[in-house]
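Colleague: This one is upload.txt, compact mmCIF, C-alpha atoms.
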```
# COMPACT_ATOMS: atom_id res chain seq x y z
CA MET A 1 28.72 82.69 65.88
CA THR A 2 30.95 84.51 66.13
CA ARG A 3 31.90 81.03 65.50
CA GLU A 4 33.06 80.81 62.02
CA ILE A 5 36.27 81.19 63.71
CA ARG A 6 39.51 80.71 62.08
CA GLY A 7 42.31 80.05 64.42
CA VAL A 8 45.92 79.16 63.91
CA THR A 9 46.17 76.29 61.50
CA ALA A 10 48.23 73.24 60.86
CA ALA A 11 51.05 73.01 58.35
CA ALA A 12 50.20 74.16 54.85
CA ILE A 13 51.90 71.41 52.87
CA GLY A 14 52.65 72.50 49.36
CA LEU A 15 51.38 76.06 49.84
CA SER A 16 54.56 77.62 48.50
CA ILE A 17 54.37 75.39 45.43
CA VAL A 18 50.74 76.16 44.65
CA LEU A 19 51.31 79.88 45.04
CA ALA A 20 54.83 80.03 43.74
CA ALA A 21 54.56 83.53 42.41
CA THR A 22 54.08 84.98 45.73
CA GLY A 23 53.72 87.87 49.92
CA CYS A 24 52.78 91.25 50.64
CA ALA A 25 51.81 92.98 53.31
CA GLY A 26 50.62 94.63 56.33
CA GLY A 27 47.28 96.26 56.75
CA ASP A 28 46.06 99.73 57.31
CA ASP A 29 42.65 100.19 58.84
CA GLY A 30 39.83 101.12 56.52
CA GLY A 31 39.24 100.81 52.83
CA GLY A 32 41.73 100.93 50.03
CA GLY A 33 41.96 103.30 47.13
CA SER A 34 43.53 104.03 43.79
CA SER A 35 46.27 106.29 42.54
CA GLY A 36 47.67 106.72 39.05
CA GLY A 37 45.86 103.62 37.76
CA LYS A 38 47.07 101.51 40.67
CA VAL A 39 44.54 100.11 43.12
CA THR A 40 44.90 98.97 46.71
CA VAL A 41 42.37 96.47 48.04
CA THR A 42 42.22 96.09 51.82
CA VAL A 43 41.24 92.76 53.34
CA TRP A 44 40.33 91.99 56.96
CA GLU A 45 40.63 88.33 57.97
CA ASN A 46 40.93 86.57 61.30
CA ALA A 47 43.67 83.94 60.92
CA GLN A 48 46.04 83.80 63.87
CA PRO A 49 49.79 83.52 63.21
CA GLY A 50 50.57 80.27 61.39
CA PRO A 51 49.83 78.69 58.01
CA GLY A 52 46.46 80.45 57.70
CA ALA A 53 48.07 83.85 58.04
CA VAL A 54 50.84 82.74 55.68
CA TYR A 55 48.20 81.76 53.12
CA TRP A 56 46.73 85.26 53.04
CA GLN A 57 50.08 86.99 52.74
CA THR A 58 51.19 84.54 50.05
CA ALA A 59 47.93 84.91 48.15
CA ALA A 60 48.25 88.68 48.25
CA LYS A 61 51.72 88.55 46.72
CA ALA A 62 50.64 85.98 44.12
CA TYR A 63 47.71 88.12 43.04
CA HIS A 64 49.92 91.21 42.79
CA ALA A 65 52.33 89.24 40.58
CA LEU A 66 49.43 88.43 38.25
CA HIS A 67 47.96 91.95 38.47
CA PRO A 68 50.82 94.43 39.03
CA ASP A 69 48.45 97.40 39.30
CA VAL A 70 46.55 95.78 42.20
CA THR A 71 47.99 95.59 45.71
CA ILE A 72 46.18 93.42 48.26
CA LYS A 73 46.73 94.65 51.81
CA ILE A 74 45.98 92.04 54.45
CA GLN A 75 45.07 92.86 58.04
CA ALA A 76 44.51 90.08 60.56
CA VAL A 77 42.00 90.97 63.27
CA GLN A 78 41.62 88.82 66.39
CA ASN A 79 38.41 86.85 65.94
CA GLU A 80 36.78 88.01 69.15
CA ASP A 81 37.51 91.64 68.18
CA LEU A 82 36.40 91.40 64.57
CA ASP A 83 32.66 91.98 64.87
CA GLY A 84 32.95 95.11 66.97
CA LYS A 85 35.78 96.63 64.99
CA LEU A 86 34.08 95.88 61.70
CA GLN A 87 30.75 97.35 62.76
CA THR A 88 32.49 100.54 63.86
CA ALA A 89 34.27 100.77 60.50
CA LEU A 90 31.06 100.12 58.55
CA ASN A 91 29.15 102.72 60.51
CA SER A 92 31.89 105.32 60.04
CA ASN A 93 32.22 104.68 56.30
CA SER A 94 35.82 103.49 56.75
CA ALA A 95 35.29 99.77 56.17
CA PRO A 96 37.87 97.57 54.46
CA ASP A 97 37.07 96.63 50.88
CA VAL A 98 36.92 92.90 51.65
CA PHE A 99 36.13 91.34 55.02
CA LEU A 100 35.15 88.07 56.67
CA GLN A 101 31.39 87.66 56.63
CA ARG A 102 29.58 85.81 59.42
CA GLY A 103 26.30 85.63 57.50
CA GLY A 104 22.84 85.17 59.00
CA GLY A 105 21.32 88.03 60.95
CA LYS A 106 24.60 89.93 60.98
CA MET A 107 24.77 90.01 57.20
CA GLN A 108 21.09 90.87 56.96
CA ALA A 109 21.66 93.92 59.15
CA MET A 110 24.51 95.07 56.91
CA VAL A 111 22.35 94.63 53.81
CA ASN A 112 19.50 96.56 55.46
CA ALA A 113 21.93 99.38 56.25
CA GLY A 114 23.18 99.51 52.66
CA GLN A 115 26.73 98.62 53.71
CA LEU A 116 27.37 95.72 51.29
CA GLN A 117 27.64 95.20 47.56
CA ALA A 118 25.71 92.38 45.94
CA LEU A 119 28.20 90.21 44.04
CA ASN A 120 27.80 90.10 40.27
CA LEU A 121 28.93 86.51 39.74
CA THR A 122 29.62 84.72 36.48
CA ASP A 123 28.50 81.18 35.73
CA THR A 124 32.09 80.09 36.39
CA ASP A 125 32.03 81.75 39.81
CA LYS A 126 28.78 79.97 40.65
CA LYS A 127 30.23 76.63 39.58
CA ASN A 128 33.42 77.20 41.60
CA ALA A 129 31.63 78.27 44.77
CA GLY A 130 28.74 75.83 44.52
CA GLU A 131 25.02 76.47 44.69
CA ALA A 132 24.55 75.32 48.27
CA ALA A 133 27.35 77.48 49.64
CA LEU A 134 26.20 80.55 47.73
CA ALA A 135 22.67 80.02 49.06
CA GLY A 136 24.07 80.45 52.57
CA TYR A 137 25.14 83.97 51.67
CA SER A 138 22.09 84.95 49.63
CA ILE A 139 19.24 87.31 50.52
CA ASP A 140 16.26 87.77 48.19
CA GLY A 141 18.13 86.12 45.36
CA LYS A 142 21.27 88.24 45.65
CA VAL A 143 24.66 86.95 46.86
CA TYR A 144 26.46 89.14 49.40
CA ALA A 145 29.59 87.11 50.15
CA MET A 146 31.90 84.68 48.40
CA PRO A 147 32.15 81.40 50.38
CA LEU A 148 35.58 79.79 50.63
CA ASP A 149 34.88 76.71 52.74
CA THR A 150 32.16 74.72 54.46
CA GLN A 151 32.26 74.17 58.21
CA PRO A 152 30.33 71.17 59.48
CA GLU A 153 30.51 71.10 63.26
CA GLY A 154 30.99 67.98 65.33
CA ILE A 155 33.03 66.40 68.10
CA TYR A 156 36.78 66.12 67.58
CA TYR A 157 38.41 63.38 69.60
CA SER A 158 41.68 61.60 70.34
CA LYS A 159 41.65 58.11 68.85
CA ASP A 160 44.49 57.11 71.17
CA LEU A 161 42.61 58.16 74.31
CA PHE A 162 39.44 56.45 73.12
CA LYS A 163 41.41 53.24 72.59
CA LYS A 164 43.10 53.56 75.98
CA ALA A 165 39.69 54.01 77.62
CA GLY A 166 38.27 50.98 75.84
CA ILE A 167 35.87 52.95 73.63
CA THR A 168 35.55 50.87 70.47
CA SER A 169 33.19 53.03 68.41
CA THR A 170 32.22 56.69 68.31
CA PRO A 171 29.00 57.60 70.16
CA THR A 172 25.82 57.95 68.10
CA THR A 173 23.43 58.60 71.00
CA MET A 174 23.65 60.66 74.18
CA GLN A 175 23.55 57.44 76.19
CA GLU A 176 26.66 56.24 74.36
CA LEU A 177 28.35 59.61 74.83
CA GLU A 178 27.69 59.49 78.56
CA ALA A 179 29.14 55.97 78.68
CA ALA A 180 32.26 57.26 76.92
CA VAL A 181 32.54 60.08 79.45
CA ALA A 182 32.50 57.56 82.28
CA LYS A 183 35.22 55.42 80.67
CA LEU A 184 37.47 58.42 80.00
CA LYS A 185 37.29 59.51 83.62
CA LYS A 186 38.75 56.16 84.61
CA ILE A 187 41.97 56.93 82.69
CA ASP A 188 42.28 60.35 84.37
CA VAL A 189 41.72 62.64 81.41
CA ALA A 190 39.03 65.27 81.00
CA PRO A 191 36.37 63.64 78.84
CA ILE A 192 35.41 66.87 77.07
CA ALA A 193 37.15 70.24 76.94
CA VAL A 194 35.13 73.42 76.50
CA GLY A 195 36.29 77.05 76.46
CA ALA A 196 33.36 78.61 78.29
CA LYS A 197 35.32 81.79 79.04
CA ASP A 198 34.61 82.79 75.44
CA ALA A 199 30.89 81.95 75.91
CA TRP A 200 30.15 80.77 72.38
CA PRO A 201 31.98 77.39 72.64
CA ALA A 202 29.79 76.47 75.60
CA ALA A 203 26.69 77.78 73.83
CA HIS A 204 27.34 75.43 70.93
CA TRP A 205 26.37 72.54 73.19
CA TYR A 206 22.94 74.13 73.51
CA TYR A 207 22.83 74.84 69.77
CA ASN A 208 23.38 71.18 68.95
CA PHE A 209 20.82 69.96 71.45
CA ALA A 210 18.39 72.43 69.83
CA LEU A 211 19.36 71.03 66.41
CA ARG A 212 18.23 67.61 67.62
CA GLU A 213 15.15 68.73 69.58
CA CYS A 214 13.74 71.34 67.16
CA SER A 215 12.52 70.68 63.63
CA GLN A 216 14.11 72.44 60.68
CA ASP A 217 10.86 74.35 60.17
CA THR A 218 10.87 75.56 63.77
CA MET A 219 14.46 76.79 63.54
CA ASN A 220 13.86 78.55 60.21
CA LYS A 221 10.66 80.22 61.44
CA ALA A 222 12.52 81.51 64.48
CA ALA A 223 15.00 83.21 62.15
CA LYS A 224 12.15 85.31 60.76
CA SER A 225 9.99 85.81 63.84
CA LEU A 226 12.75 85.84 66.49
CA LYS A 227 10.28 84.13 68.78
CA PHE A 228 11.43 81.05 70.67
CA ASP A 229 8.15 79.76 72.04
CA ASP A 230 8.26 76.15 70.86
CA ALA A 231 8.78 73.71 73.73
CA CYS A 232 11.84 72.29 71.94
CA TRP A 233 13.93 75.32 72.95
CA THR A 234 13.38 74.63 76.62
CA LYS A 235 13.84 70.89 76.07
CA ALA A 236 17.27 71.56 74.54
CA GLY A 237 18.31 73.40 77.68
CA GLU A 238 17.00 70.58 79.83
CA ASP A 239 19.06 68.12 77.78
CA LEU A 240 22.18 70.20 78.40
CA ALA A 241 21.45 70.46 82.13
CA ALA A 242 20.98 66.68 82.32
CA PHE A 243 24.25 66.07 80.47
CA LEU A 244 26.05 68.48 82.79
CA LYS A 245 25.16 66.21 85.73
CA THR A 246 27.62 63.64 84.35
CA SER A 247 30.43 66.22 84.88
CA PRO A 248 31.71 65.79 81.32
CA PHE A 249 33.83 68.95 81.14
CA GLN A 250 37.29 69.72 82.51
CA LYS A 251 37.79 71.38 85.87
CA GLY A 252 37.68 75.14 85.52
CA PHE A 253 35.92 75.06 82.15
CA LEU A 254 34.07 78.29 82.95
CA THR A 255 37.37 80.23 82.95
CA THR A 256 39.04 78.34 80.09
CA SER A 257 39.54 80.04 76.72
CA SER A 258 38.88 78.10 73.55
CA GLN A 259 41.88 78.70 71.30
CA GLN A 260 44.68 80.58 73.02
CA GLY A 261 47.53 78.58 74.50
CA ALA A 262 48.14 75.07 75.76
CA GLY A 263 45.62 75.56 78.56
CA SER A 264 42.79 76.35 76.17
CA SER A 265 40.18 73.75 75.29
CA ALA A 266 41.86 73.17 71.92
CA GLY A 267 45.23 73.00 73.67
CA MET A 268 43.96 70.34 76.06
CA LEU A 269 42.95 68.12 73.16
CA ALA A 270 46.22 68.90 71.38
CA ASN A 271 48.22 67.65 74.35
CA HIS A 272 45.97 64.72 75.34
CA LYS A 273 44.75 66.41 78.51
CA ALA A 274 41.20 66.02 77.20
CA ALA A 275 39.65 63.50 74.83
CA MET A 276 36.97 65.50 73.02
CA GLU A 277 35.93 69.00 71.97
CA LEU A 278 32.76 70.15 70.19
CA MET A 279 33.83 72.63 67.53
CA GLY A 280 33.65 73.69 63.90
CA ASN A 281 36.10 72.48 61.30
CA TRP A 282 38.64 75.23 61.91
CA ASP A 283 39.55 73.29 65.05
CA PRO A 284 42.15 70.87 63.59
CA GLY A 285 44.28 73.82 62.55
CA VAL A 286 44.06 75.39 65.98
CA ILE A 287 44.82 72.05 67.63
CA GLY A 288 47.80 71.47 65.33
CA SER A 289 49.30 74.83 66.25
CA LEU A 290 49.09 73.95 69.95
CA THR A 291 50.71 70.50 69.93
CA LYS A 292 54.21 70.28 71.37
CA ASP A 293 55.79 70.09 67.92
CA GLN A 294 53.20 72.43 66.34
CA LYS A 295 52.21 69.73 63.88
CA PRO A 296 48.77 68.21 63.21
CA LEU A 297 47.55 65.84 65.91
CA PRO A 298 48.10 62.40 64.32
CA ASP A 299 45.29 60.60 66.15
CA LEU A 300 42.59 63.23 65.63
CA GLY A 301 39.13 61.94 64.69
CA TRP A 302 35.65 63.40 64.24
CA PHE A 303 32.05 62.29 64.70
CA PRO A 304 28.72 64.12 64.42
CA PHE A 305 26.77 65.32 67.43
CA PRO A 306 24.85 62.36 68.86
CA GLY A 307 21.11 61.89 68.55
CA VAL A 308 18.63 62.47 71.36
CA PRO A 309 15.53 60.34 71.93
CA GLY A 310 12.27 61.83 70.67
CA GLY A 311 13.78 64.91 69.06
CA GLN A 312 11.90 66.69 66.25
CA GLY A 313 15.12 67.41 64.34
CA ASP A 314 16.46 64.98 61.78
CA PRO A 315 19.21 62.94 63.49
CA SER A 316 21.48 63.43 60.47
CA ALA A 317 21.20 67.24 60.51
CA ILE A 318 24.45 69.15 60.83
CA MET A 319 25.20 72.42 62.57
CA GLY A 320 27.56 74.32 60.33
CA GLY A 321 28.68 77.52 58.77
CA LEU A 322 30.66 79.05 55.99
CA ASP A 323 33.76 81.17 55.80
CA GLY A 324 33.24 83.78 53.16
CA TYR A 325 34.09 87.35 52.31
CA SER A 326 31.93 90.37 51.54
CA LEU A 327 32.58 93.61 49.72
CA SER A 328 31.85 96.91 51.44
CA LYS A 329 29.71 99.35 49.49
CA ASN A 330 32.66 101.42 48.21
CA ALA A 331 34.96 98.54 47.28
CA PRO A 332 36.48 98.81 43.77
CA LYS A 333 35.76 96.25 41.04
CA GLU A 334 39.23 94.80 41.65
CA ALA A 335 38.02 93.59 45.04
CA LEU A 336 35.40 91.38 43.37
CA GLU A 337 38.00 90.10 40.94
CA PHE A 338 40.17 89.07 43.89
CA LEU A 339 37.24 87.13 45.41
CA GLN A 340 36.59 85.42 42.09
CA TRP A 341 40.23 84.33 42.00
CA LEU A 342 40.06 82.92 45.54
CA VAL A 343 37.51 80.26 44.52
CA THR A 344 39.55 78.92 41.60
CA LYS A 345 40.77 75.34 41.96
CA ASP A 346 44.43 76.03 42.80
CA GLN A 347 43.59 78.71 45.33
CA GLN A 348 40.93 76.52 46.93
CA GLU A 349 43.43 73.68 47.29
CA ALA A 350 45.97 76.00 48.91
CA TYR A 351 43.34 77.50 51.22
CA SER A 352 42.16 74.04 52.25
CA LYS A 353 45.68 72.89 53.08
CA ALA A 354 46.49 76.02 55.05
CA PHE A 355 43.29 76.00 57.07
CA VAL A 356 42.86 72.21 57.20
CA THR A 357 39.33 72.68 55.95
CA ILE A 358 36.82 71.67 53.28
CA PRO A 359 36.86 73.89 50.18
CA VAL A 360 33.63 74.89 48.45
CA ASN A 361 35.05 74.24 44.98
CA LYS A 362 34.26 70.57 44.32
CA GLU A 363 37.21 70.30 41.94
CA ALA A 364 39.46 71.05 44.91
CA GLN A 365 37.83 68.64 47.38
CA GLY A 366 40.25 65.87 46.44
CA VAL A 367 42.74 67.68 48.66
CA VAL A 368 40.64 66.64 51.69
CA THR A 369 42.49 63.55 52.91
CA ASP A 370 42.70 63.91 56.70
CA SER A 371 40.44 61.31 58.27
CA PHE A 372 38.61 63.84 60.46
CA ASN A 373 37.76 66.06 57.48
CA VAL A 374 36.79 63.07 55.36
CA SER A 375 34.41 62.03 58.15
CA ALA A 376 33.00 65.55 58.40
CA LEU A 377 32.57 65.86 54.63
CA GLN A 378 30.82 62.47 54.44
CA ALA A 379 28.45 63.41 57.27
CA PHE A 380 27.75 66.77 55.65
CA ASN A 381 26.97 65.14 52.31
CA LYS A 382 24.59 62.70 54.02
CA ALA A 383 22.88 65.32 56.20
CA ALA A 384 19.18 65.95 55.60
CA TYR A 385 19.94 69.65 56.09
CA SER A 386 22.41 72.03 57.67
CA VAL A 387 21.61 74.82 60.12
CA MET A 388 23.87 77.81 60.56
CA PHE A 389 25.38 78.54 63.98
CA LEU A 390 22.53 80.02 65.98
CA ASP A 391 24.22 83.23 67.09
CA THR A 392 24.81 83.90 63.40
CA LEU A 393 21.40 82.74 62.22
CA TYR A 394 19.52 84.84 64.77
CA GLY A 395 21.79 87.88 64.83
CA GLN A 396 24.25 89.33 67.30
CA ASN A 397 21.87 90.69 69.96
CA VAL A 398 19.81 87.52 70.20
CA GLY A 399 22.88 85.32 69.84
CA ASN A 400 24.80 87.08 72.60
CA ALA A 401 21.85 86.79 74.96
CA MET A 402 21.48 83.10 74.18
CA ASN A 403 25.21 82.49 74.67
CA THR A 404 25.27 84.30 78.01
CA ALA A 405 22.18 82.44 79.25
CA VAL A 406 23.75 79.09 78.35
CA VAL A 407 26.90 79.93 80.30
CA ASN A 408 24.71 80.96 83.24
CA LEU A 409 23.06 77.54 83.15
CA LEU A 410 26.45 75.82 83.11
CA ALA A 411 27.55 77.98 86.02
CA GLY A 412 24.48 77.06 88.06
CA LYS A 413 23.08 80.60 87.79
CA GLY A 414 20.26 79.91 85.36
CA THR A 415 17.87 77.31 84.01
CA ALA A 416 16.67 76.00 80.67
CA ALA A 417 13.64 78.25 80.97
CA ASP A 418 15.94 81.22 81.54
CA ILE A 419 17.69 80.58 78.22
CA VAL A 420 14.36 80.93 76.41
CA LYS A 421 13.26 83.90 78.53
CA ASP A 422 16.50 85.84 78.04
CA THR A 423 16.62 85.06 74.32
CA ASN A 424 13.05 86.23 73.78
CA ALA A 425 13.72 89.37 75.82
CA ALA A 426 16.73 90.24 73.67
CA ALA A 427 14.69 89.65 70.50
CA ALA A 428 11.91 91.92 71.78
CA LYS A 429 14.37 94.76 72.32
CA GLY A 430 15.51 94.48 68.71
```
Take the structure in this file and express it as C-alpha cells.
Modeller:
Amino acid sequence: MTREIRGVTAAAIGLSIVLAATGCAGGDDGGGGSSGGKVTVTVWENAQPGPGAVYWQTAAKAYHALHPDVTIKIQAVQNEDLDGKLQTALNSNSAPDVFLQRGGGKMQAMVNAGQLQALNLTDTDKKNAGEAALAGYSIDGKVYAMPLDTQPEGIYYSKDLFKKAGITSTPTTMQELEAAVAKLKKIDVAPIAVGAKDAWPAAHWYYNFALRECSQDTMNKAAKSLKFDDACWTKAGEDLAAFLKTSPFQKGFLTTSSQQGAGSSAGMLANHKAAMELMGNWDPGVIGSLTKDQKPLPDLGWFPFPGVPGGQGDPSAIMGGLDGYSLSKNAPKEALEFLQWLVTKDQQEAYSKAFVTIPVNKEAQGVVTDSFNVSALQAFNKAAYSVMFLDTLYGQNVGNAMNTAVVNLLAGKGTAADIVKDTNAAAAKG
C-alpha cells in the first residue's frame, strides 16, 4: 500500500479562486524550525507535477498570507521512494514536520517507536474530518494523522470502449467480467491494464479477491495475529490464477509501470489502448495527466470489484484507504494548526478538485460531480464495511512479501499456496 498513491492529477478548476491569497516553495530535507518568532513547517507529499503539486504550493502560500510568521515548505517525494526515505529520516531524527501517512501496520510501527505525535483535535476538527475517517488513523483511542480524502478502490473503465464492444452494463460478478474481457478482445484493445512492474498494482487483484473470499473478521484478526491460515487466503489466489487463464491483461504487463508515461497502465486507459484498470481513486487524476490533451478522460466510469460465488466477504465491501498527514515527534504546534486548516470546507473543496478525489469533510462533498467519483462515493456509502489496502493493513514486511508472491503467480513462478506460504514466512520473521 504503498498504494495510497497520489499521482499527477487532472485540472484543478477554480483552485486559484478558492485559494486566491496564495505559492511558496521548495523543500529542504528534514524538519523545520523557528527563528526570531518565525516558524518553518516542512511538509513531505507525493503529488507528481500537475494540479496536485500546484495545490500544495498554492496552499502553502495561502497559509503564509494568513499567518505571516509561518512558512510552509513543501517537498514532493516520488511515491515509490517515499516510504524508504521517510523511514530513514524518522530513524535519524531528521523527519519532516508533516508527512503523508500510509496508516495500518506502518503507522503502528511509527507509534511503537515513539516517532509520531498524537493529534489534539477540537470538536470542529472531528466534525470536519469525520468520525469514520479519523477511526482509520486511530490507535488505542488516539488519532495519529489527519485524513484529507477517502479512497474507495474499484475498476475504472472507458465507457466508449464498453459501448463499442457491446457491453451494456458494468460487471457485477466474475462471470460477467470474464464475458466483458472476451468482448473487448474482439475490438482489439487490452481488456485490462495492470502495472505489474511496480508490484502493488498487480497485488491489488489478489487483495480484492481476498476481500470477497475472506470475512471481515478473518481479515481483521490477521491484522493482529499476522497469521494467514484461513483457507480463504489460498482460495483468493486460486481465483486470481483462474482469472489469469482468460488472458485479461495487456501484453507485457509484467514490465509495465502503473503511472509513468503513456505506456503505463494508467496511460493505456487514458489513450484508449486498454478498457479497464483496477485502482484507487487517485487514478482519474493520473489518467487525466496522461491523455493527449492532458485533460480528464471524458468517458471515464467506475464500478466496484465484482462478487465471487461462495465468498465469505460481504459482496458490498470496499477495499479502500485514506490520504492523511502525520506530525513527527518534534513538529511545532504550527504544524498541527496547518493540518486543522487543511480540513476546512474551502480547502477540502480545493483539494478535491486538484486531486479529483472525495474529501472527508462532508460539507465539501458537493464538489464531487464527476460520474466516476459519484459512483465510487455511492458504493462506499452503501458498503457493509471497508478494508484498508492489505500491504498497509498488515505492514511493510508482510505486504512486500505478499505483493512479490502475487507477481510471481502472475509470472508463472508461483502458486496460490506460495502466496500464503511466503506471507506467513515474512510475518514470522517480524
Colleague: Using atom CA of Ser225 of chain A and atom CA of Gly430 of chain A as the two end points, give the distance in Å to one decimal.
Modeller: 11.4 Å
Colleague: Skipping near chain neighbours, those fewer than 5 positions away, what residues fall within 12 Å of Lys292 of chain A using only C-alpha atoms, listed as a VMD selection string?
Modeller: chain A and resid 261 to 262 267 to 272 287 297
Colleague: Which neighbours of Ser138 of chain A fall inside 10 Å, counting only C-alpha atoms, when residues of the same chain fewer than 6 positions from it are skipped, and could you give them as a list in words?
Modeller: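 Returned residues: Gly103, Gly104, Met107, Gln108, Ala118, Leu119, Tyr144, Ala145 and Met146 of chain A.
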Colleague: Do a neighbour search on Val374 of chain A at 10 Å with only C-alpha atoms, toss out local chain neighbours closer than 3 positions, and write the hits as a PyMOL selection string.
Modeller: chain A and resi 301-302+357-358+365-366+368-371+377-380
Colleague: Would you mind telling me which residue in A:Ala133, A:Ala317, A:Leu121, A:Leu161 lies nearest to Asp299 of chain A when using only C-alpha atoms?
Modeller: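 Once distances to Asp299 of chain A are computed over only C-alpha atoms, the minimum belongs to A:Leu161.
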Colleague: Nearest to Pro309 of chain A: which of A:Lys235, A:Lys245, A:Lys295, A:Lys251 is it, counting all atoms listed in the file?
Modeller: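 When distances to Pro309 of chain A are compared using all atoms listed in the file, the smallest one comes from A:Lys235.
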Colleague: Within 10 Å of Glu213 of chain A, counting all atoms listed in the file, which residues qualify if same-chain residues fewer than 4 places away don't, as a PyMOL selection string?
Modeller: chain A and resi 207-209+218+231-237+239+307-315
Colleague: Dump C-alpha atoms for the selected residues as an mmCIF file, in the coordinates of the input?
Modeller:
```
data_model
loop_
_atom_site.group_PDB
_atom_site.id
_atom_site.type_symbol
_atom_site.label_atom_id
_atom_site.label_comp_id
_atom_site.auth_asym_id
_atom_site.auth_seq_id
_atom_site.Cartn_x
_atom_site.Cartn_y
_atom_site.Cartn_z
ATOM 1 C CA TYR A 207 22.830 74.840 69.770
ATOM 2 C CA ASN A 208 23.380 71.180 68.950
ATOM 3 C CA PHE A 209 20.820 69.960 71.450
ATOM 4 C CA THR A 218 10.870 75.560 63.770
ATOM 5 C CA ALA A 231 8.780 73.710 73.730
ATOM 6 C CA CYS A 232 11.840 72.290 71.940
ATOM 7 C CA TRP A 233 13.930 75.320 72.950
ATOM 8 C CA THR A 234 13.380 74.630 76.620
ATOM 9 C CA LYS A 235 13.840 70.890 76.070
ATOM 10 C CA ALA A 236 17.270 71.560 74.540
ATOM 11 C CA GLY A 237 18.310 73.400 77.680
ATOM 12 C CA ASP A 239 19.060 68.120 77.780
ATOM 13 C CA GLY A 307 21.110 61.890 68.550
ATOM 14 C CA VAL A 308 18.630 62.470 71.360
ATOM 15 C CA PRO A 309 15.530 60.340 71.930
ATOM 16 C CA GLY A 310 12.270 61.830 70.670
ATOM 17 C CA GLY A 311 13.780 64.910 69.060
ATOM 18 C CA GLN A 312 11.900 66.690 66.250
ATOM 19 C CA GLY A 313 15.120 67.410 64.340
ATOM 20 C CA ASP A 314 16.460 64.980 61.780
ATOM 21 C CA PRO A 315 19.210 62.940 63.490
#
```
Colleague: Mind pulling up the distance from atom CA of Val286 of chain A to atom CA of Ala62 of chain A?
Modeller: 25.2 Å
Colleague: Between A:Val98, A:Leu300, A:Ala193, A:Leu240, which residue has the minimum interatomic distance to Gln75 of chain A, considering only C-alpha atoms?
Modeller: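 Ranked by minimum distance to Gln75 of chain A, first place goes to A:Val98.
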Colleague: Please determine, counting all atoms listed in the file, which residue among A:Trp282, A:Trp341, A:Trp200, A:Phe243 has the shortest atom-to-atom distance to Lys353 of chain A.
Modeller: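 Smallest separation from Lys353 of chain A among the options: A:Trp282.
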Colleague: Give the answer as one residue: which of A:Gln260, A:Asn93, A:Gln175, A:Asn408 has the shortest atom-to-atom distance to Pro49 of chain A, using only C-alpha atoms?
Modeller: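 For Pro49 of chain A, the nearest of the candidates is A:Gln260.
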Colleague: Determine, counting all atoms listed in the file, every residue of protein, DNA or RNA that lies within 6 Å of (38.4, 79.3, 74.1) in the file coordinates, then give the result as a list in words.
Modeller: Gly195, Asp198, Ser257, Ser258, Gln259, Ser264 and Ser265 of chain A
Colleague: Just how far from atom CA of Thr256 of chain A is atom CA of Ala401 of chain A, in Å to one decimal?
Modeller: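 We find that atom CA of Ala401 of chain A and atom CA of Thr256 of chain A lie 19.8 Å from each other.
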Colleague: Using all atoms listed in the file, which residue out of A:Phe355, A:Phe249, A:Tyr63, A:Tyr385 lies closest to Pro296 of chain A?
Modeller: A:Phe355
Colleague: For Ala199 of chain A, find every residue with an atom within 8 Å (counting all atoms listed in the file), except residues of its own chain fewer than 5 positions away, and show them as a PyMOL selection string.
Modeller: chain A and resi 403-404+407
Colleague: Atoms are missing here; could segment 231-239 of chain A be completed with N, CA, C and O atoms and written as a PDB file, keeping the file's coordinate frame?
Modeller:
```pdb
ATOM      1  N   ALA A 231       8.275  74.418  72.547  1.00  0.00           N
ATOM      2  CA  ALA A 231       8.780  73.710  73.730  1.00  0.00           C
ATOM      3  C   ALA A 231      10.165  73.103  73.497  1.00  0.00           C
ATOM      4  O   ALA A 231      10.899  72.819  74.457  1.00  0.00           O
ATOM      5  N   CYS A 232      10.540  72.920  72.229  1.00  0.00           N
ATOM      6  CA  CYS A 232      11.840  72.290  71.940  1.00  0.00           C
ATOM      7  C   CYS A 232      13.002  73.134  72.433  1.00  0.00           C
ATOM      8  O   CYS A 232      14.069  72.597  72.766  1.00  0.00           O
ATOM      9  N   TRP A 233      12.828  74.462  72.489  1.00  0.00           N
ATOM     10  CA  TRP A 233      13.930  75.320  72.950  1.00  0.00           C
ATOM     11  C   TRP A 233      14.229  75.095  74.421  1.00  0.00           C
ATOM     12  O   TRP A 233      15.388  75.056  74.834  1.00  0.00           O
ATOM     13  N   THR A 234      13.180  74.926  75.192  1.00  0.00           N
ATOM     14  CA  THR A 234      13.380  74.630  76.620  1.00  0.00           C
ATOM     15  C   THR A 234      13.911  73.205  76.791  1.00  0.00           C
ATOM     16  O   THR A 234      14.787  72.959  77.630  1.00  0.00           O
ATOM     17  N   LYS A 235      13.387  72.278  75.979  1.00  0.00           N
ATOM     18  CA  LYS A 235      13.840  70.890  76.070  1.00  0.00           C
ATOM     19  C   LYS A 235      15.336  70.786  75.785  1.00  0.00           C
ATOM     20  O   LYS A 235      16.052  70.002  76.429  1.00  0.00           O
ATOM     21  N   ALA A 236      15.843  71.575  74.846  1.00  0.00           N
ATOM     22  CA  ALA A 236      17.270  71.560  74.540  1.00  0.00           C
ATOM     23  C   ALA A 236      18.091  71.981  75.754  1.00  0.00           C
ATOM     24  O   ALA A 236      19.138  71.392  76.052  1.00  0.00           O
ATOM     25  N   GLY A 237      17.617  72.979  76.465  1.00  0.00           N
ATOM     26  CA  GLY A 237      18.310  73.400  77.680  1.00  0.00           C
ATOM     27  C   GLY A 237      18.252  72.353  78.770  1.00  0.00           C
ATOM     28  O   GLY A 237      19.223  72.149  79.513  1.00  0.00           O
ATOM     29  N   GLU A 238      17.129  71.657  78.853  1.00  0.00           N
ATOM     30  CA  GLU A 238      17.000  70.580  79.830  1.00  0.00           C
ATOM     31  C   GLU A 238      17.948  69.428  79.498  1.00  0.00           C
ATOM     32  O   GLU A 238      18.529  68.807  80.397  1.00  0.00           O
ATOM     33  N   ASP A 239      18.109  69.150  78.198  1.00  0.00           N
ATOM     34  CA  ASP A 239      19.060  68.120  77.780  1.00  0.00           C
ATOM     35  C   ASP A 239      20.476  68.476  78.218  1.00  0.00           C
ATOM     36  O   ASP A 239      21.238  67.625  78.697  1.00  0.00           O
TER      37      ASP A 239
END
```
